[in-house]
>>> print(open('protein-v8.txt').read())   # compact mmCIF, C-alpha atoms
# COMPACT_ATOMS: atom_id res chain seq x y z
CA MET A 23 -81.20 -19.11 151.41
CA GLU A 24 -82.07 -19.92 147.80
CA ASP A 25 -80.93 -23.30 146.51
CA LEU A 26 -78.44 -22.97 143.67
CA LYS A 27 -78.88 -25.19 140.65
CA TYR A 28 -77.19 -26.57 137.55
CA LYS A 29 -78.67 -27.21 134.09
CA ILE A 30 -78.63 -30.51 132.20
CA TYR A 31 -79.95 -30.44 128.65
CA GLU A 32 -81.82 -33.31 127.02
CA GLY A 33 -79.54 -36.01 125.66
CA VAL A 34 -76.97 -36.02 128.47
CA LYS A 35 -76.32 -39.44 129.98
CA LEU A 36 -74.65 -39.45 133.39
CA GLY A 37 -73.19 -42.48 135.11
CA LYS A 38 -73.60 -43.38 138.77
CA ASP A 39 -72.56 -41.30 141.79
CA TYR A 40 -71.97 -37.95 140.11
CA ASN A 41 -71.55 -34.60 141.88
CA ILE A 42 -72.36 -31.46 139.90
CA GLY A 43 -71.61 -27.98 141.21
CA ASP A 44 -73.90 -24.96 141.12
CA TYR A 45 -74.35 -23.06 137.85
CA SER A 46 -72.80 -25.84 135.76
CA ILE A 47 -74.26 -26.49 132.29
CA LEU A 48 -74.14 -29.93 130.67
CA GLY A 49 -75.08 -30.75 127.07
CA LEU A 50 -75.13 -27.22 125.70
CA SER A 51 -75.74 -27.39 121.93
CA ASN A 52 -73.88 -25.50 119.24
CA LYS A 53 -75.50 -23.84 116.22
CA ILE A 54 -74.56 -26.61 113.78
CA ASP A 55 -75.14 -29.86 115.66
CA LYS A 56 -77.97 -29.89 118.16
CA GLN A 57 -78.53 -33.65 118.16
CA SER A 58 -75.27 -35.18 119.43
CA LYS A 59 -75.38 -36.69 122.89
CA THR A 60 -72.98 -36.21 125.78
CA ILE A 61 -72.06 -39.26 127.83
CA ILE A 62 -70.24 -38.92 131.15
CA GLY A 63 -69.13 -42.01 133.10
CA ASN A 64 -69.36 -42.98 136.75
CA ASN A 65 -68.10 -40.94 139.71
CA ALA A 66 -67.86 -37.60 137.91
CA ILE A 67 -67.07 -34.49 139.97
CA ILE A 68 -68.03 -31.41 137.96
CA ARG A 69 -67.38 -28.25 139.94
CA SER A 70 -69.36 -25.03 139.80
CA HIS A 71 -69.68 -22.95 136.62
CA THR A 72 -68.30 -25.71 134.39
CA VAL A 73 -69.78 -25.82 130.87
CA ILE A 74 -69.73 -29.03 128.82
CA TYR A 75 -71.18 -28.94 125.29
CA ASN A 76 -73.02 -31.73 123.51
CA GLY A 77 -71.33 -34.57 121.65
CA ASN A 78 -68.70 -35.37 124.30
CA LYS A 79 -67.78 -38.92 125.31
CA ILE A 80 -66.20 -38.82 128.78
CA GLY A 81 -65.05 -41.79 130.88
CA ASP A 82 -65.23 -42.67 134.56
CA ASN A 83 -63.78 -40.61 137.44
CA PHE A 84 -63.83 -37.37 135.48
CA VAL A 85 -63.00 -34.27 137.53
CA THR A 86 -63.13 -30.57 136.70
CA GLY A 87 -62.10 -27.51 138.62
CA HIS A 88 -64.35 -24.45 138.71
CA ALA A 89 -65.45 -22.84 135.44
CA ALA A 90 -63.82 -25.34 133.11
CA MET A 91 -65.16 -25.12 129.55
CA ILE A 92 -65.29 -28.17 127.28
CA ARG A 93 -66.56 -27.69 123.74
CA GLU A 94 -68.29 -30.29 121.58
CA ASN A 95 -67.28 -33.66 120.13
CA ASN A 96 -64.33 -34.55 122.34
CA ILE A 97 -63.28 -38.03 123.41
CA ILE A 98 -62.00 -38.06 127.00
CA GLY A 99 -60.84 -41.21 128.78
CA ASN A 100 -60.99 -42.46 132.35
CA ASN A 101 -59.42 -40.71 135.35
CA VAL A 102 -58.98 -37.35 133.63
CA SER A 103 -58.74 -34.07 135.55
CA ILE A 104 -59.38 -30.67 133.93
CA GLY A 105 -58.39 -27.65 136.03
CA SER A 106 -60.26 -24.45 136.81
CA HIS A 107 -60.76 -22.00 133.92
CA THR A 108 -59.18 -24.40 131.42
CA VAL A 109 -60.62 -24.43 127.88
CA ILE A 110 -60.84 -27.63 125.85
CA GLU A 111 -61.94 -26.81 122.29
CA HIS A 112 -63.79 -29.26 120.03
CA SER A 113 -62.52 -32.49 118.43
CA VAL A 114 -59.83 -33.14 121.05
CA LYS A 115 -58.74 -36.65 122.09
CA ILE A 116 -57.60 -37.14 125.69
CA ALA A 117 -56.53 -40.60 126.88
CA ASP A 118 -56.73 -42.11 130.38
CA TYR A 119 -54.97 -40.62 133.41
CA VAL A 120 -54.34 -37.18 131.92
CA ARG A 121 -54.10 -34.16 134.20
CA VAL A 122 -54.58 -30.65 132.82
CA HIS A 123 -54.01 -27.89 135.36
CA SER A 124 -55.78 -24.52 135.60
CA GLN A 125 -56.06 -21.89 132.86
CA ALA A 126 -54.67 -24.09 130.09
CA PHE A 127 -55.81 -23.76 126.48
CA ILE A 128 -56.21 -26.95 124.44
CA PRO A 129 -57.37 -26.22 120.87
CA GLU A 130 -59.20 -28.43 118.39
CA TYR A 131 -57.47 -31.54 116.99
CA THR A 132 -55.03 -31.84 119.89
CA VAL A 133 -54.20 -35.45 120.83
CA ILE A 134 -53.13 -36.11 124.42
CA GLU A 135 -51.98 -39.64 125.17
CA TYR A 136 -52.02 -41.72 128.37
CA GLY A 137 -50.64 -40.18 131.54
CA VAL A 138 -49.71 -36.76 130.14
CA TRP A 139 -49.29 -33.97 132.71
CA ILE A 140 -50.01 -30.38 131.62
CA GLY A 141 -49.13 -27.49 133.93
CA PRO A 142 -51.08 -24.27 134.53
CA ARG A 143 -51.43 -21.68 131.77
CA VAL A 144 -50.06 -23.94 129.06
CA CYS A 145 -51.05 -22.66 125.61
CA ILE A 146 -51.23 -25.15 122.77
CA THR A 147 -51.80 -23.67 119.30
CA ASN A 148 -52.99 -25.11 116.01
CA ALA A 149 -53.32 -22.22 113.51
CA LYS A 150 -50.23 -21.90 111.32
CA TYR A 151 -51.61 -18.81 109.56
CA PRO A 152 -53.92 -17.11 112.08
CA ALA A 153 -56.47 -14.55 110.90
CA SER A 154 -55.59 -15.17 107.23
CA ILE A 155 -57.83 -16.24 104.34
CA ASN A 156 -58.42 -20.01 104.41
CA SER A 157 -56.49 -20.28 107.67
CA LYS A 158 -58.76 -23.11 108.88
CA GLU A 159 -57.60 -25.27 105.98
CA TYR A 160 -54.09 -25.31 107.47
CA ILE A 161 -54.88 -26.10 111.10
CA GLU A 162 -52.49 -28.70 112.55
CA GLY A 163 -53.15 -30.30 115.92
CA VAL A 164 -50.43 -30.92 118.49
CA THR A 165 -49.73 -34.45 119.80
CA LEU A 166 -48.49 -35.08 123.33
CA LYS A 167 -47.23 -38.64 123.63
CA TYR A 168 -47.27 -41.11 126.53
CA LYS A 169 -46.50 -39.47 129.91
CA ALA A 170 -45.07 -36.27 128.45
CA ARG A 171 -44.78 -33.49 131.04
CA ILE A 172 -45.46 -29.88 130.06
CA GLY A 173 -44.41 -27.19 132.54
CA ALA A 174 -46.30 -24.04 133.48
CA SER A 175 -46.84 -21.34 130.84
CA VAL A 176 -45.34 -23.38 128.00
CA THR A 177 -46.40 -22.47 124.45
CA ILE A 178 -46.47 -25.23 121.81
CA LEU A 179 -46.73 -24.29 118.12
CA PRO A 180 -49.03 -26.02 115.58
CA GLY A 181 -48.35 -29.56 114.46
CA ILE A 182 -45.68 -30.27 117.07
CA VAL A 183 -45.19 -33.78 118.48
CA VAL A 184 -43.85 -34.01 122.04
CA ASN A 185 -42.70 -37.60 122.37
CA GLN A 186 -42.78 -40.14 125.19
CA GLU A 187 -41.89 -38.90 128.68
CA ALA A 188 -40.29 -35.69 127.45
CA LEU A 189 -40.13 -32.86 129.98
CA ILE A 190 -40.75 -29.25 128.89
CA GLY A 191 -39.53 -26.63 131.34
CA SER A 192 -41.74 -23.73 132.45
CA GLY A 193 -42.08 -20.86 130.00
CA ALA A 194 -40.53 -22.69 127.05
CA VAL A 195 -41.72 -22.08 123.49
CA ILE A 196 -41.73 -25.30 121.49
CA THR A 197 -41.11 -24.71 117.77
CA LYS A 198 -40.11 -28.23 116.65
CA ASP A 199 -40.77 -31.84 117.59
CA VAL A 200 -39.37 -33.01 120.94
CA PRO A 201 -37.63 -36.42 121.12
CA ALA A 202 -38.60 -39.04 123.69
CA TYR A 203 -37.15 -38.43 127.19
CA ALA A 204 -35.72 -35.04 126.20
CA VAL A 205 -35.57 -32.17 128.71
CA VAL A 206 -36.30 -28.92 126.87
CA VAL A 207 -36.11 -25.33 128.12
CA GLY A 208 -36.02 -21.81 126.69
CA ASN A 209 -37.36 -19.75 123.78
CA PRO A 210 -37.03 -21.31 121.31
CA GLY A 211 -36.93 -24.60 123.18
CA LYS A 212 -33.59 -26.40 123.26
CA ILE A 213 -32.67 -29.86 124.52
CA VAL A 214 -30.58 -29.63 127.66
CA GLY A 215 -30.76 -33.16 129.00
CA ASP A 216 -32.43 -36.55 129.27
CA ILE A 217 -35.21 -37.19 131.79
CA ARG A 218 -33.64 -40.56 132.62
CA GLU A 219 -30.53 -38.82 133.91
CA LEU A 220 -32.22 -36.22 136.13
CA LYS A 221 -31.68 -36.57 139.86
CA TYR A 222 -33.25 -35.26 143.03
CA PRO A 223 -31.02 -33.21 145.39
CA ASP A 224 -30.33 -36.40 147.39
CA SER A 225 -28.94 -37.99 144.19
CA ASP A 226 -31.74 -40.50 143.61
CA LYS A 227 -32.74 -40.60 139.97
CA ILE A 228 -36.14 -39.23 139.05
CA LYS A 229 -38.22 -42.20 138.03
CA PRO A 230 -41.27 -42.11 135.74
CA TYR A 231 -44.26 -41.17 137.84
CA ASP A 232 -47.16 -43.38 138.74
CA VAL A 233 -50.24 -41.79 137.18
CA ASP A 234 -52.42 -42.98 140.05
CA GLU A 235 -50.55 -40.60 142.36
CA LEU A 236 -51.47 -37.57 140.27
CA LEU A 237 -55.24 -37.71 140.69
>>> encode(input="protein-v8.txt", output="structure tokens")
Amino acid sequence: MEDLKYKIYEGVKLGKDYNIGDYSILGLSNKIDKQSKTIIGNNAIIRSHTVIYNGNKIGDNFVTGHAAMIRENNIIGNNVSIGSHTVIEHSVKIADYVRVHSQAFIPEYTVIEYGVWIGPRVCITNAKYPASINSKEYIEGVTLKYKARIGASVTILPGIVVNQEALIGSGAVITKDVPAYAVVVGNPGKIVGDIRELKYPDSDKIKPYDVDELL
């Protein structure tokens, strides 16, 4: 049986104890910048068919699912997980202990702070005037603050700030900034509660999660 292989371009620096899946590509260059280096920290697990462009700075304990795609010039912290078939566009900042589930779309200039949890098929947007003349001049990145939680299939419009430990329910469309600790559902998203008041069925309050348990 033929051995399957991955490709690492010149300029990629890998830390210790990495595991790279078959058909993955690391350090792919774009047409404009072919010189930037990609640095990936220790203990990386990069699963098959993942593509990581040049110019990325990625911390320790980085994990991808299968066929994740990470464009150029991103800053990604320690203990970050990127799910299968998720797309991270260029110039994104992702802090430590962030988990992005499968098939999410994270566009350029998004800022994701410490401990944020992003469910599957989340779509973040940044183009206020898509497909219009000079539309790129009006791009506004989304900011997800400390330990915000974004449910499955949520859509977040350009320039939105989701504040600390807010919880966005599945399928919501977020059209305005979300206050800290708010629970938001619906289209358009509306505040229906406070995360600090939510309870499990046995009446224990839902406490802020420990990020170490998510990875």
>>> residues_around(input="protein-v8.txt", residues="Gly49 in chain A", least_positions_apart="4", cutoff="9 Å", atoms="all atoms listed in the file", output="PyMOL selection string")
chain A and resi 29-34+58-60+73-78+94
>>> closest_residue(input="protein-v8.txt", among="A:Gly193, A:Pro129, A:Gly99, A:Gly105", to="Glu162 in chain A", atoms="only C-alpha atoms")
A:Pro129
>>> atom_distance(input="protein-v8.txt", atom1="CA of Gln186 in chain A", atom2="CA of Ile134 in chain A")
11.1 Å
>>> axis_aligned_box(input="protein-v8.txt", around="range 96-109 of chain A", padding_each_side="6 Å", output="AutoDock Vina command-line options")
--center_x -61.4 --center_y -32.2 --center_z 129.6 --size_x 17.9 --size_y 32.5 --size_z 26.5
>>> closest_residue(input="protein-v8.txt", among="A:Ala204, A:Ile228, A:Ile140, A:Val184", to="Ile104 in chain A", atoms="all atoms listed in the file")
A:Ile140
>>> decode(input="protein-v8.txt", residues="range 162-230 of chain A", atoms="C-alpha atoms", output="CSV table (one decimal), in the first residue's frame")
chain,number,residue,atom,x,y,z
A,162,GLU,CA,-15.9,45.6,9.7
A,163,GLY,CA,-14.6,42.7,11.7
A,164,VAL,CA,-16.7,41.0,14.5
A,165,THR,CA,-15.4,40.8,18.0
A,166,LEU,CA,-16.2,37.9,20.3
A,167,LYS,CA,-15.3,38.8,23.9
A,168,TYR,CA,-14.0,36.6,26.8
A,169,LYS,CA,-15.8,33.2,27.0
A,170,ALA,CA,-18.7,34.2,24.7
A,171,ARG,CA,-20.7,31.1,23.5
A,172,ILE,CA,-22.1,31.0,20.0
A,173,GLY,CA,-24.6,28.3,19.2
A,174,ALA,CA,-24.9,26.2,16.1
A,175,SER,CA,-25.8,27.9,12.8
A,176,VAL,CA,-25.7,31.5,14.2
A,177,THR,CA,-25.1,34.3,11.8
A,178,ILE,CA,-23.4,37.5,13.1
A,179,LEU,CA,-23.4,40.7,11.0
A,180,PRO,CA,-20.4,42.9,10.4
A,181,GLY,CA,-18.9,45.0,13.1
A,182,ILE,CA,-20.9,43.3,15.9
A,183,VAL,CA,-19.4,42.9,19.4
A,184,VAL,CA,-20.6,39.9,21.5
A,185,ASN,CA,-19.5,40.8,25.0
A,186,GLN,CA,-18.2,38.7,27.9
A,187,GLU,CA,-19.8,35.3,28.5
A,188,ALA,CA,-22.9,36.1,26.4
A,189,LEU,CA,-24.8,33.1,25.1
A,190,ILE,CA,-26.2,33.1,21.5
A,191,GLY,CA,-28.9,30.4,20.9
A,192,SER,CA,-28.8,28.2,17.8
A,193,GLY,CA,-29.9,29.7,14.6
A,194,ALA,CA,-30.0,33.3,15.9
A,195,VAL,CA,-29.1,36.2,13.6
A,196,ILE,CA,-27.2,38.9,15.5
A,197,THR,CA,-27.8,42.4,14.1
A,198,LYS,CA,-26.6,44.5,17.1
A,199,ASP,CA,-24.1,44.3,19.9
A,200,VAL,CA,-24.8,41.8,22.6
A,201,PRO,CA,-24.3,42.8,26.3
A,202,ALA,CA,-22.2,40.8,28.7
A,203,TYR,CA,-23.9,37.7,30.1
A,204,ALA,CA,-27.0,38.2,27.8
A,205,VAL,CA,-28.9,35.2,26.5
A,206,VAL,CA,-30.0,35.9,22.9
A,207,VAL,CA,-32.2,34.0,20.6
A,208,GLY,CA,-34.2,34.5,17.4
A,209,ASN,CA,-34.1,36.4,14.1
A,210,PRO,CA,-33.3,39.2,14.7
A,211,GLY,CA,-31.7,38.3,18.0
A,212,LYS,CA,-33.4,39.4,21.1
A,213,ILE,CA,-32.3,39.2,24.8
A,214,VAL,CA,-34.3,36.7,26.7
A,215,GLY,CA,-32.3,36.2,29.8
A,216,ASP,CA,-29.0,36.4,31.7
A,217,ILE,CA,-26.5,33.5,31.6
A,218,ARG,CA,-26.0,33.9,35.4
A,219,GLU,CA,-29.6,33.0,36.0
A,220,LEU,CA,-29.8,29.9,33.8
A,221,LYS,CA,-30.3,26.6,35.6
A,222,TYR,CA,-29.9,22.9,34.8
A,223,PRO,CA,-33.0,20.7,35.1
A,224,ASP,CA,-31.9,19.8,38.6
A,225,SER,CA,-32.0,23.5,39.6
A,226,ASP,CA,-28.2,24.0,39.9
A,227,LYS,CA,-27.1,27.2,38.3
A,228,ILE,CA,-25.0,26.9,35.1
A,229,LYS,CA,-21.6,28.1,36.1
A,230,PRO,CA,-19.0,29.6,33.7
